[in-house]
Amino acid sequence: MYILIVGSGGREHALAWKCAQDESVSGVFVCPGNAGTALENKVSNVSINVDDFAAVKDFCIEKNIALVIVGPEQPLVDGLVDYLDSNDIKTFGPSSTAAQLEGSKTFSKDFFIKYGIPTATYAAFDNFDSAKDHLKNISYPTVVKADGLAAGKGVIICQAENEALEALVSIFKDQAFGDAGTSVVIEDFLIGEEVSFIAVVSKDKIIPLATSQDHKAVGDGDVGLNTGGMGAYSPAPIVDEKLHQKIIEQVMKPTMQGLIAEGSPYLGFLYAGLMINNGELKVLEFNCRFGDPETQPILLRLKSSLVELCLSAIDDQLNNYQIQWTDEHACGVVIASNGYPQNYTKNKEVKIKSSDAIGMKLFHAGTKLQGDKVLTSGGRVFCATALGKDLQEAQSKAYNLVESVSFDGAFYRKDIGNKGLK
Ligand code: AMP
Ligand code: GLY
């Protein structure tokens, strides 16, 4: 069978690489993909504009695609799954209504309250003046969030009222996030440790994936601007059996049930971003997709077939599915381009010294092929990912793999995984 992966990041390289390992899979197409997917065995890139749903559908029919997996949030929120589904193409991902859990902070916060899901206290505003008035009545730090999708940049942590006011000016007056900023959520600042809890969900059935922890801030020791994620490891020791159960009962089940009650049952990867403080949890956000870079270490640990897992979910057969993991730990270190997460350099030639050894994988993200050269094309360029008998070994192998890559302006965090070693 043939598979189509939609997207072009490190997550999509990992999804394509994993699907291509299935003997039942003859080929994997990635739309639009990156240099890593172009070079991967059994995988090829397709240059279709993802916004052109009809062109994606025509391609699926022409190639007899048996499964589409949609990686990023934008096409999910825009309704690609609804469209392909209505054309009888098996697609793994949520409907655009269910994807509102990520697509609108106001929708998700209201949903949390309606269904009793623990979250930070908040207020939502659709105009500058009332949001500004609210700033007088709250304590600091506080968190200002643009309502819509903003490529991970729409969340601003403000230490004092003047910073919160600046955030509101940039969102409402300067329209820094365009339509994503027509309303805002202002919520309490939470302290604790962040955990990514990602599951495969089909209506009321759930298969939790291996636990993981991301590193959002750009600098070592979690300092500097927030990014899409600078590295991740799996499993996350902070999620013990008790906390795991709590997350299922207090977060995942009410979310699945709530979406069914709203008439939008969920299908796809469901990602809860959680803040854990002394064993108590609060939901920071939901993502309607697999995490990036969490996908990379998680999939390195997955022994089961990803294709079978997704097809079981689509066919409502998750109850019969037994997922299998290696006991090994995995660590993924993102290599980024100078300037990221703000303006960064592009089109730098990449030198890669060694190819992947067993238990190690250099996933590409912002790369493109030009002739036989690999050039940088995005802020996050690679995720060097490795397995080890424990986190320490996985970390040390991942950093060895990092050393095999060089390009002008490359940088990475030196402490990915340290949290898990504490
Ligand atoms: P979000 O997109 O809402 O998850 O926010 C992105 C990142 O901002 C999170 O992963 C956290 O690191 C941080 N963040 C968001 N909301 C809060 C909060 N209420 N308190 C502290 N940090 C937050
Ligand atoms: N790593 C965070 C995200 O995928 O949103």
# chains A, B, ... in the order shown; residues from 1 in each chain; ligands from 1
>>> select_by_dssp(residues="range 117-303 of chain A", states="strand (DSSP E)", output="ChimeraX atom specification")
/A:122-125,142-146,155-158,184-188,193-202,205-208,213-214,217-219,223-226,231-234,267-277,280-287
>>> write_last_selection(atoms="C-alpha atoms", output="PDB file, in the first residue's frame")
ATOM      1  CA  TYR A 122      -8.424  33.055  32.717  1.00  0.00           C
ATOM      2  CA  ALA A 123     -10.494  35.721  31.062  1.00  0.00           C
ATOM      3  CA  ALA A 124     -11.095  36.182  27.328  1.00  0.00           C
ATOM      4  CA  PHE A 125     -11.426  39.509  25.477  1.00  0.00           C
ATOM      5  CA  THR A 142       0.613  36.793  33.764  1.00  0.00           C
ATOM      6  CA  VAL A 143       0.228  35.129  30.375  1.00  0.00           C
ATOM      7  CA  VAL A 144      -1.308  36.813  27.321  1.00  0.00           C
ATOM      8  CA  LYS A 145      -2.313  34.467  24.499  1.00  0.00           C
ATOM      9  CA  ALA A 146      -3.477  35.322  21.001  1.00  0.00           C
ATOM     10  CA  VAL A 155       1.924  33.159  23.947  1.00  0.00           C
ATOM     11  CA  ILE A 156       3.568  36.033  25.817  1.00  0.00           C
ATOM     12  CA  ILE A 157       4.670  35.704  29.426  1.00  0.00           C
ATOM     13  CA  CYS A 158       4.526  39.145  31.037  1.00  0.00           C
ATOM     14  CA  VAL A 184      -6.992  37.113  23.510  1.00  0.00           C
ATOM     15  CA  VAL A 185      -6.938  34.950  26.604  1.00  0.00           C
ATOM     16  CA  ILE A 186      -5.231  36.359  29.699  1.00  0.00           C
ATOM     17  CA  GLU A 187      -4.451  33.643  32.229  1.00  0.00           C
ATOM     18  CA  ASP A 188      -2.637  33.003  35.491  1.00  0.00           C
ATOM     19  CA  GLU A 193       7.359  21.165  35.141  1.00  0.00           C
ATOM     20  CA  GLU A 194       5.893  20.778  31.662  1.00  0.00           C
ATOM     21  CA  VAL A 195       4.957  17.389  30.271  1.00  0.00           C
ATOM     22  CA  SER A 196       3.708  16.424  26.820  1.00  0.00           C
ATOM     23  CA  PHE A 197       1.035  13.730  27.024  1.00  0.00           C
ATOM     24  CA  ILE A 198       0.245  12.432  23.560  1.00  0.00           C
ATOM     25  CA  ALA A 199      -2.259   9.731  22.664  1.00  0.00           C
ATOM     26  CA  VAL A 200      -3.926   8.132  19.693  1.00  0.00           C
ATOM     27  CA  VAL A 201      -7.635   8.807  20.121  1.00  0.00           C
ATOM     28  CA  SER A 202     -10.666   7.472  18.305  1.00  0.00           C
ATOM     29  CA  LYS A 205     -11.023   4.965  22.865  1.00  0.00           C
ATOM     30  CA  ILE A 206      -7.473   5.913  23.647  1.00  0.00           C
ATOM     31  CA  ILE A 207      -3.991   4.477  23.313  1.00  0.00           C
ATOM     32  CA  PRO A 208      -1.552   6.678  25.228  1.00  0.00           C
ATOM     33  CA  GLN A 213       9.190  16.063  27.782  1.00  0.00           C
ATOM     34  CA  ASP A 214      10.019  18.936  25.461  1.00  0.00           C
ATOM     35  CA  ALA A 217      12.869  27.819  25.641  1.00  0.00           C
ATOM     36  CA  VAL A 218      15.685  28.614  23.218  1.00  0.00           C
ATOM     37  CA  GLY A 219      18.490  28.704  25.783  1.00  0.00           C
ATOM     38  CA  VAL A 223      16.000  30.786  29.424  1.00  0.00           C
ATOM     39  CA  GLY A 224      15.161  33.035  26.475  1.00  0.00           C
ATOM     40  CA  LEU A 225      12.289  33.074  24.017  1.00  0.00           C
ATOM     41  CA  ASN A 226       9.891  30.179  23.605  1.00  0.00           C
ATOM     42  CA  GLY A 231      14.665  18.877  22.033  1.00  0.00           C
ATOM     43  CA  ALA A 232      12.719  16.115  23.732  1.00  0.00           C
ATOM     44  CA  TYR A 233      13.202  12.819  25.456  1.00  0.00           C
ATOM     45  CA  SER A 234      11.091   9.787  26.215  1.00  0.00           C
ATOM     46  CA  LEU A 267      -9.780  11.010  15.687  1.00  0.00           C
ATOM     47  CA  GLY A 268      -6.036  11.474  15.570  1.00  0.00           C
ATOM     48  CA  PHE A 269      -3.083  12.307  17.756  1.00  0.00           C
ATOM     49  CA  LEU A 270      -4.232  14.322  20.756  1.00  0.00           C
ATOM     50  CA  TYR A 271      -1.543  16.206  22.651  1.00  0.00           C
ATOM     51  CA  ALA A 272      -2.122  17.677  26.100  1.00  0.00           C
ATOM     52  CA  GLY A 273       0.525  20.171  27.200  1.00  0.00           C
ATOM     53  CA  LEU A 274       0.451  19.940  31.004  1.00  0.00           C
ATOM     54  CA  MET A 275       2.007  21.786  33.909  1.00  0.00           C
ATOM     55  CA  ILE A 276       2.786  19.481  36.822  1.00  0.00           C
ATOM     56  CA  ASN A 277       3.330  20.937  40.279  1.00  0.00           C
ATOM     57  CA  GLU A 280      -1.146  18.313  40.664  1.00  0.00           C
ATOM     58  CA  LEU A 281      -1.804  18.966  36.998  1.00  0.00           C
ATOM     59  CA  LYS A 282      -3.231  21.755  34.875  1.00  0.00           C
ATOM     60  CA  VAL A 283      -3.706  21.821  31.114  1.00  0.00           C
ATOM     61  CA  LEU A 284      -1.713  24.575  29.396  1.00  0.00           C
ATOM     62  CA  GLU A 285      -2.953  23.757  25.929  1.00  0.00           C
ATOM     63  CA  PHE A 286      -4.164  21.055  23.631  1.00  0.00           C
ATOM     64  CA  ASN A 287      -2.563  20.340  20.282  1.00  0.00           C
TER      65      ASN A 287
END
>>> residues_near_ligand(ligand="ligand 2", cutoff="8 Å", atoms="only C-alpha atoms and all ligand atoms", output="list of chain:residue names")
A:Gly152, A:Ser196, A:Asp214, A:His215, A:Lys216, A:Gly228, A:Gly229, A:Met230, A:Ala232, A:Asn287, A:Arg289, A:Phe290, A:Gly291, A:Asp292, A:Pro293, A:Glu294
>>> closest_residue(among="A:Leu39, A:Met1, A:Ile238, A:Met256", to="Phe111 in chain A", atoms="only C-alpha atoms")
A:Met256
>>> residues_around(residues="Leu76 in chain A", least_positions_apart="5", cutoff="8 Å", atoms="only C-alpha atoms", output="VMD selection string")
chain A and resid 70 81 93 to 96 99 288
>>> closest_residue(among="A:Glu62, A:Asn343, A:Ile69, A:Ala210", to="Lys303 in chain A", atoms="only C-alpha atoms")
A:Ala210
>>> atom_distance(atom1="CA of Trp17 in chain A", atom2="CA of Cys31 in chain A")
13.9 Å
>>> select_by_dssp(residues="range 162-224 of chain A", states="helix (DSSP H, G or I)", output="PyMOL selection string")
chain A and resi 162-173+178-181
>>> write_last_selection(atoms="C-alpha atoms", output="tab-separated table (two decimals), in the first residue's frame")
chain	number	residue	atom	x	y	z
A	162	ASN	CA	3.55	47.38	31.28
A	163	GLU	CA	4.71	44.20	29.51
A	164	ALA	CA	1.15	42.87	29.38
A	165	LEU	CA	0.03	46.20	27.92
A	166	GLU	CA	2.76	45.97	25.27
A	167	ALA	CA	1.56	42.46	24.43
A	168	LEU	CA	-2.01	43.73	24.00
A	169	VAL	CA	-0.83	46.60	21.80
A	170	SER	CA	1.14	44.23	19.60
A	171	ILE	CA	-1.81	41.83	19.28
A	172	PHE	CA	-4.76	44.24	18.92
A	173	LYS	CA	-3.20	47.42	17.51
A	178	GLY	CA	-3.08	38.90	12.05
A	179	ASP	CA	-6.49	37.22	12.39
A	180	ALA	CA	-5.11	34.94	15.13
A	181	GLY	CA	-5.14	38.02	17.36
>>> residues_around(residues="Asp51 in chain A", least_positions_apart="2", cutoff="10 Å", atoms="only C-alpha atoms", output="short mmCIF file (atom, residue, chain, number, x, y, z; two decimals) with all heavy atoms, in the first residue's frame")
data_model
loop_
_atom_site.label_atom_id
_atom_site.label_comp_id
_atom_site.auth_asym_id
_atom_site.auth_seq_id
_atom_site.Cartn_x
_atom_site.Cartn_y
_atom_site.Cartn_z
N ILE A 48 2.79 19.35 -4.10
CA ILE A 48 1.41 19.87 -4.24
C ILE A 48 1.23 20.92 -3.15
O ILE A 48 1.73 20.75 -2.03
CB ILE A 48 0.38 18.74 -4.00
CG1 ILE A 48 0.53 17.64 -5.04
CG2 ILE A 48 -1.04 19.27 -3.99
CD1 ILE A 48 -0.37 16.46 -4.75
N ASN A 49 0.50 21.97 -3.46
CA ASN A 49 0.17 22.96 -2.46
C ASN A 49 -0.90 22.37 -1.53
O ASN A 49 -2.00 22.03 -1.97
CB ASN A 49 -0.35 24.21 -3.18
CG ASN A 49 -0.80 25.28 -2.21
OD1 ASN A 49 -0.72 25.09 -0.99
ND2 ASN A 49 -1.28 26.38 -2.75
N PHE A 53 -6.95 21.56 -1.54
CA PHE A 53 -7.47 20.27 -1.08
C PHE A 53 -7.81 19.35 -2.25
O PHE A 53 -7.60 18.15 -2.20
CB PHE A 53 -8.73 20.47 -0.23
CG PHE A 53 -8.49 21.08 1.13
CD1 PHE A 53 -7.20 21.43 1.55
CD2 PHE A 53 -9.55 21.28 2.00
CE1 PHE A 53 -6.99 21.99 2.80
CE2 PHE A 53 -9.34 21.83 3.26
CZ PHE A 53 -8.07 22.19 3.66
N ALA A 54 -8.36 19.94 -3.32
CA ALA A 54 -8.77 19.11 -4.47
C ALA A 54 -7.55 18.44 -5.11
O ALA A 54 -7.61 17.27 -5.51
CB ALA A 54 -9.50 19.97 -5.49
N ALA A 55 -6.42 19.17 -5.16
CA ALA A 55 -5.21 18.58 -5.74
C ALA A 55 -4.69 17.44 -4.86
O ALA A 55 -4.23 16.41 -5.37
CB ALA A 55 -4.13 19.66 -5.89
N VAL A 56 -4.80 17.60 -3.54
CA VAL A 56 -4.38 16.53 -2.62
C VAL A 56 -5.27 15.30 -2.85
O VAL A 56 -4.79 14.17 -2.96
CB VAL A 56 -4.43 16.99 -1.14
CG1 VAL A 56 -4.05 15.85 -0.21
CG2 VAL A 56 -3.53 18.20 -0.90
N GLN A 74 -2.20 23.51 10.89
CA GLN A 74 -2.95 24.42 9.99
C GLN A 74 -3.91 23.67 9.05
O GLN A 74 -5.11 24.00 9.01
CB GLN A 74 -1.98 25.30 9.20
CG GLN A 74 -2.67 26.44 8.44
CD GLN A 74 -3.17 27.53 9.39
OE1 GLN A 74 -2.40 28.12 10.16
NE2 GLN A 74 -4.47 27.82 9.36
N PRO A 75 -3.45 22.65 8.31
CA PRO A 75 -4.40 21.95 7.44
C PRO A 75 -5.50 21.22 8.21
O PRO A 75 -6.62 21.04 7.69
CB PRO A 75 -3.53 20.95 6.65
CG PRO A 75 -2.21 20.93 7.30
CD PRO A 75 -2.05 22.18 8.09
N ASP A 78 -7.93 23.88 9.05
CA ASP A 78 -8.56 24.32 7.80
C ASP A 78 -9.53 23.29 7.21
O ASP A 78 -10.20 23.58 6.22
CB ASP A 78 -7.48 24.63 6.74
CG ASP A 78 -6.67 25.86 7.11
OD1 ASP A 78 -7.10 26.60 8.01
OD2 ASP A 78 -5.60 26.08 6.50
N GLY A 79 -9.53 22.06 7.76
CA GLY A 79 -10.55 21.09 7.31
C GLY A 79 -10.09 20.09 6.26
O GLY A 79 -10.93 19.50 5.57
N LEU A 80 -8.78 19.85 6.16
CA LEU A 80 -8.31 18.88 5.16
C LEU A 80 -8.88 17.48 5.43
O LEU A 80 -9.27 16.76 4.51
CB LEU A 80 -6.77 18.83 5.15
CG LEU A 80 -6.14 17.85 4.15
CD1 LEU A 80 -6.57 18.15 2.71
CD2 LEU A 80 -4.61 17.88 4.24
#
>>> residues_around(residues="Lys368 in chain A", least_positions_apart="3", cutoff="10 Å", atoms="only C-alpha atoms", output="list in words")
Ser8, Gly33, Asn34, Ala35, Gly36, Thr37, Ala38, Asn347, Glu349, His364, Ala365, Gly371, Lys373, Val374, Leu375, Thr376, Ser377, Gly378 and Val381 of chain A
>>> write_last_selection(atoms="N, CA and C atoms", output="compact mmCIF listing (two decimals), in the first residue's frame")
# COMPACT_ATOMS: atom_id res chain seq x y z
N SER A 8 6.13 19.11 6.45
CA SER A 8 7.51 19.23 5.97
C SER A 8 8.54 19.32 7.09
N GLY A 33 7.29 17.82 2.21
CA GLY A 33 8.51 17.12 2.64
C GLY A 33 9.73 18.03 2.74
N ASN A 34 10.88 17.42 3.02
CA ASN A 34 12.14 18.16 3.14
C ASN A 34 13.26 17.30 2.53
N ALA A 35 14.51 17.73 2.70
CA ALA A 35 15.61 16.96 2.08
C ALA A 35 15.71 15.56 2.69
N GLY A 36 15.38 15.46 3.98
CA GLY A 36 15.46 14.16 4.65
C GLY A 36 14.46 13.17 4.07
N THR A 37 13.24 13.63 3.81
CA THR A 37 12.23 12.71 3.25
C THR A 37 12.57 12.41 1.79
N ALA A 38 13.19 13.38 1.10
CA ALA A 38 13.57 13.12 -0.31
C ALA A 38 14.62 12.02 -0.38
N ASN A 347 19.44 28.91 3.51
CA ASN A 347 20.24 28.55 2.33
C ASN A 347 21.72 28.32 2.64
N GLU A 349 24.74 25.69 3.22
CA GLU A 349 24.98 24.30 2.86
C GLU A 349 25.31 23.47 4.10
N HIS A 364 15.56 15.24 9.51
CA HIS A 364 15.63 16.58 8.94
C HIS A 364 14.36 17.35 9.29
N ALA A 365 14.46 18.68 9.36
CA ALA A 365 13.27 19.53 9.53
C ALA A 365 13.34 20.61 8.45
N GLY A 371 19.99 20.11 -6.17
CA GLY A 371 20.91 19.16 -6.81
C GLY A 371 21.20 18.06 -5.80
N LYS A 373 22.98 18.80 -3.08
CA LYS A 373 23.35 19.50 -1.84
C LYS A 373 22.15 19.64 -0.91
N VAL A 374 22.42 19.53 0.40
CA VAL A 374 21.38 19.80 1.39
C VAL A 374 21.58 21.24 1.89
N LEU A 375 20.53 22.06 1.76
CA LEU A 375 20.59 23.45 2.23
C LEU A 375 19.62 23.65 3.39
N THR A 376 19.93 24.60 4.27
CA THR A 376 18.99 24.92 5.35
C THR A 376 17.86 25.76 4.78
N SER A 377 16.64 25.54 5.31
CA SER A 377 15.50 26.31 4.80
C SER A 377 14.54 26.70 5.92
N GLY A 378 14.87 26.36 7.16
CA GLY A 378 13.95 26.67 8.27
C GLY A 378 14.73 26.98 9.53
N VAL A 381 16.40 22.92 12.03
CA VAL A 381 16.94 22.31 10.81
C VAL A 381 17.02 20.78 10.92
>>> atom_distance(atom1="atom 17 (C, counted along the ligand's line) of ligand 1", atom2="CA of Pro297 in chain A")
24.2 Å
>>> residues_around(residues="Lys114 in chain A", least_positions_apart="2", cutoff="12 Å", atoms="only C-alpha atoms", output="short mmCIF file (atom, residue, chain, number, x, y, z; two decimals) with C-alpha atoms, in the first residue's frame")
data_model
loop_
_atom_site.label_atom_id
_atom_site.label_comp_id
_atom_site.auth_asym_id
_atom_site.auth_seq_id
_atom_site.Cartn_x
_atom_site.Cartn_y
_atom_site.Cartn_z
CA PHE A 107 -12.69 27.63 22.49
CA SER A 108 -10.31 25.37 24.40
CA LYS A 109 -10.43 27.33 27.66
CA ASP A 110 -14.25 27.47 27.58
CA PHE A 111 -14.26 23.73 26.81
CA PHE A 112 -12.00 23.00 29.80
CA GLY A 116 -14.27 20.22 34.43
CA ILE A 117 -10.74 19.89 33.06
CA PRO A 118 -8.14 21.53 35.34
CA THR A 119 -6.57 24.66 33.82
CA PRO A 254 -13.40 14.23 29.85
CA THR A 255 -11.96 15.73 26.65
CA GLN A 257 -16.42 12.61 26.18
CA GLY A 258 -16.85 16.37 25.86
CA LEU A 259 -16.09 16.29 22.15
CA ALA A 261 -21.18 15.49 23.56
CA GLU A 262 -20.43 18.48 21.30
#
